[in-house]
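In what follows, a single structure is set out as structure tokens and then discussed.
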Amino acid sequence: MAVQLQEAQLKEQVRLTDGNEAAAWGALYAGCRHYFGYPITPQNEITEFMSREMPRHGGVFIQTESESGSIYILHGAAVSGVRAMTSTSGPGFSLMQEGISWIVEHEAPAVIVDVQRVGPGCGGGGPGGQVDYFQVTKPSGHGNYRLIVLAASGPQEVFDLTQLAFYLAEKHRILVIVVSDFLVARMQEPVNMRTIDFGPLPEKPWALVGKGKKDGKRAWFFAPCLSEGVVTFYDRLAAKYKRIKENEVRYDSYLTDDADLLLVAYGSTARMAKRAVEMGRAEGLKLGLFRPITLWPFPEQQMRDMAVKAGKVLVIEDGPEGLVEDVRYMTLGKVPVHFLGYWGRHVPTTAGVIYPERILEEVKSLR
Amino acid sequence: MTGATLAKTKVAGRPRLKNATPVWYCPGCGYGIITRVTCEVIEEMGIEDIAIGIAPGGCAGPEGTYIDIDYGHAAHGRAQAVTTGVKRANPKAVVFNWQGDGDLAAIGMGGWMHAMLRAETFTTIFLNNAGYGSTGGQMAPTTPAGMRSSTSIYGKDPRTAGFTVHVAEMAATMPGVAYSARVAINTPANFRRAKEALRRAFEKQMAGVGYSIVEFLSPCPPNWGLTPIEAMRFVEEKLIPIFPLGVFKDVDSIDYSMPAFYENK
């Protein structure tokens with residue numbers, strides 16, 4: 001007995017939505033109709049949402065047998081040229097690294113939403129942290145490659161960046177990671193939902209659709225280092241990465257013009273840091289905030305310029321050293337870089353949060 | 001003989017879909033013949049415009065180089081997942097993969113099971129040469145008990161190295177499988193049967209019945225330490241008794257009904 005489903009339509013609307021469902025909505029509005037996922041906390045709402053919505057929108061949902069299954073079914077859909085995605089968290093993202101490397105090799109456009117949890121191994125099994133900066137920005141698969149990494153700090157941004165991710169993936173034939181964290185995934189806010197038009201995209205003569213649909217001209221994939229040569233392949237990737245660095249850097253800044261201390265944070269801690277800036281300003285402290293949205297390509301020059309102008313940097317990151325290492329490297333020793341990490345949590349357990357008050361306390365200790 | 005011209009008649013050649021690139025397979029390897037089987041069946045069914053192949057890791061990795069149809073490439077052990085993605089994105093295409101015995105029956109066993117459980121409507125060409133080929137002849141799950149390989153130099157001992165896997169028979173036990181057969185390409189008669197089996201498998205796929213798989217016994221002379229002719233004889237005398245040829249499942253419909261689990265009030 002098959003269940004009768006009502007055809008669903010996507011209209012412009014405002015919905016109270018959390019950061020997980022915002023990713024799923026964003027994908028739907030972007031025209032993604034192929035989702036493959038495996039349950040893992042704290043991203044399960046995305047998988048559950050897709051199991052409900054994909055059939056109503058004529059799409060494909062597969063609950064896979066593992067994250068390895070997810071990434072390779074995504075690989076197959078991506079080389080077929082359809083908009084496809086998966087979502088996961090720490091341990092599952094680790095399991096996907098091999099397949100990510102293959103998607104890179106075939107320059108297939110695809111999207112992964114990665115909701116960070118805390119710790120290596122089992123870690124926190126759910127509650128929050130920002131401990132995967134290295135994993136998303138310095139790819140752990142083989143081959144020395146780059147992925148576009150978009151970091152969201154709230155549900156609206158998750159929604160918008162997920163749509164942007166599909167566009168950038170097809171524009172550059174690259175895998176795009178939308179990274180959020182437990183707090184972003186769990187917070188709710190009204191999300192303005194509509195399909196965003198980012199502009200035209202190139203054709204896909206490379207897609208596996210059967211050569212009859214391409215005037216008899218076949219597409220085929222085989223290890224390009226062997227079939228084209230190592231230099232040709234890596235030259236093409238290098239040119240692509242250069243193009244992306246020149247065109248796709250995104251960031252947000254707040255009250256940096258006259259700041260004498262620049263806070264640098266991404267994701268949920270950037271929201272805490274923004275509040276700390278407001279609280280500090282009310283007390284006469286000249287604080288500013290720099291928030292990278294693309295973790296790769298990192299807005300290196302922009303961050304360095306603001307850091308040098310302020311003369312001092314405080315990186316806030318809810319984990320051990322990750323982002324701060326890049327900030328130190330990118331500021332080239334021109335300014336002191338201070339760090340408030342996991343020890344800034346209000347309680348030392350997985351339930352801990354780095355509150356604005358704690359950030360402000362750290363700011364005052366630097367004066 | 002003076003001035004006489006002998007008329008040339010082409011009696012054999014490569015299939016139309018087989019391009020001019022020479023295959024990298026070893027002399028006496030069965031994969032070149034299985035490439036011919038694949039090409040001829042696609043040609044005869046007239047499906048080259050909608051056919052999409054997926055090459056595996058290992059010996060058959062470059063297979064997509066040789067056949068003039070759309071062709072993808074999957075990581076070692078992951079062809080079932082990649083092919084699932086391709087078929088779900090192209091539900092009207094005829095999609096198939098090649099997978100060797102280590103690829104499908106060792107590292108890829110889990111993914112293979114789940115592709116069958118989901119009754120994915122693509123076709124697997126499973127290549128059984130009783131060992132790992134491109135890595136130099138190591139033992140595989142298909143290596144028969146007692147057979148020597150570079151990692152079982154005293155013979156494969158089931159107590160420490162495991163029993164021999166029978167892929168076509170296993171597939172036949174799965175509810176999502178529409179067609180499962182084992183064939184060989186060591187004689188002209190077996191070659192014809194192999195073509196018939198692959199055609200049947202593609203027909204099941206095109207009718208949307210369920211998953212289909214054809215296991216090919218394939219000679220591997222260098223890793224067996226045999227000449228090409230001896231290797232063909234080895235298939236007949238040693239492998240076929242352990243891996244019997246035949247059709248293990250052939251159904252035209254599968255019960256996909258979803259029973260009412262809850263009592264409706």
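Chain identifiers are assigned as A, B, and so on, following the order in which chains appear in the structure tokens; residues are numbered from 1 within each chain, and ligands are numbered from 1 in order of appearance.
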Checklist entry - Using only C-alpha atoms, which chain A residues lie at most 7 Å away from chain B, written as JSON, numbers by chain? => result {"A": [1, 2, 65, 69, 72, 73, 74, 75, 76, 77, 80, 82, 208, 209, 210, 211, 212, 216, 218, 219, 220, 221, 222]}
Checklist entry - Which of region 2-223 of chain B counts as strand (DSSP E or B) under DSSP, as an MDAnalysis selection string please? => result chainID B and resid 18 51:55 67 70:73 94:100 123:128 149 152 177:184 211:217
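Straight-line separation from CA of Gly280 (chain A) to CA of Gln302 (chain A): 23.0 Å.
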Item to check | DSSP alpha helix (DSSP H) residues within region 103-242 of chain B, as number ranges by chain | outcome: B: 109-117, 158-161, 167-172, 188-206, 221-224, 228-234, 240-242
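Proximity to Glu236 (chain B) was assessed for B:Val167, B:Met109, B:Ile185, B:Cys220 counting only C-alpha atoms; the smallest distance is recorded for B:Ile185.
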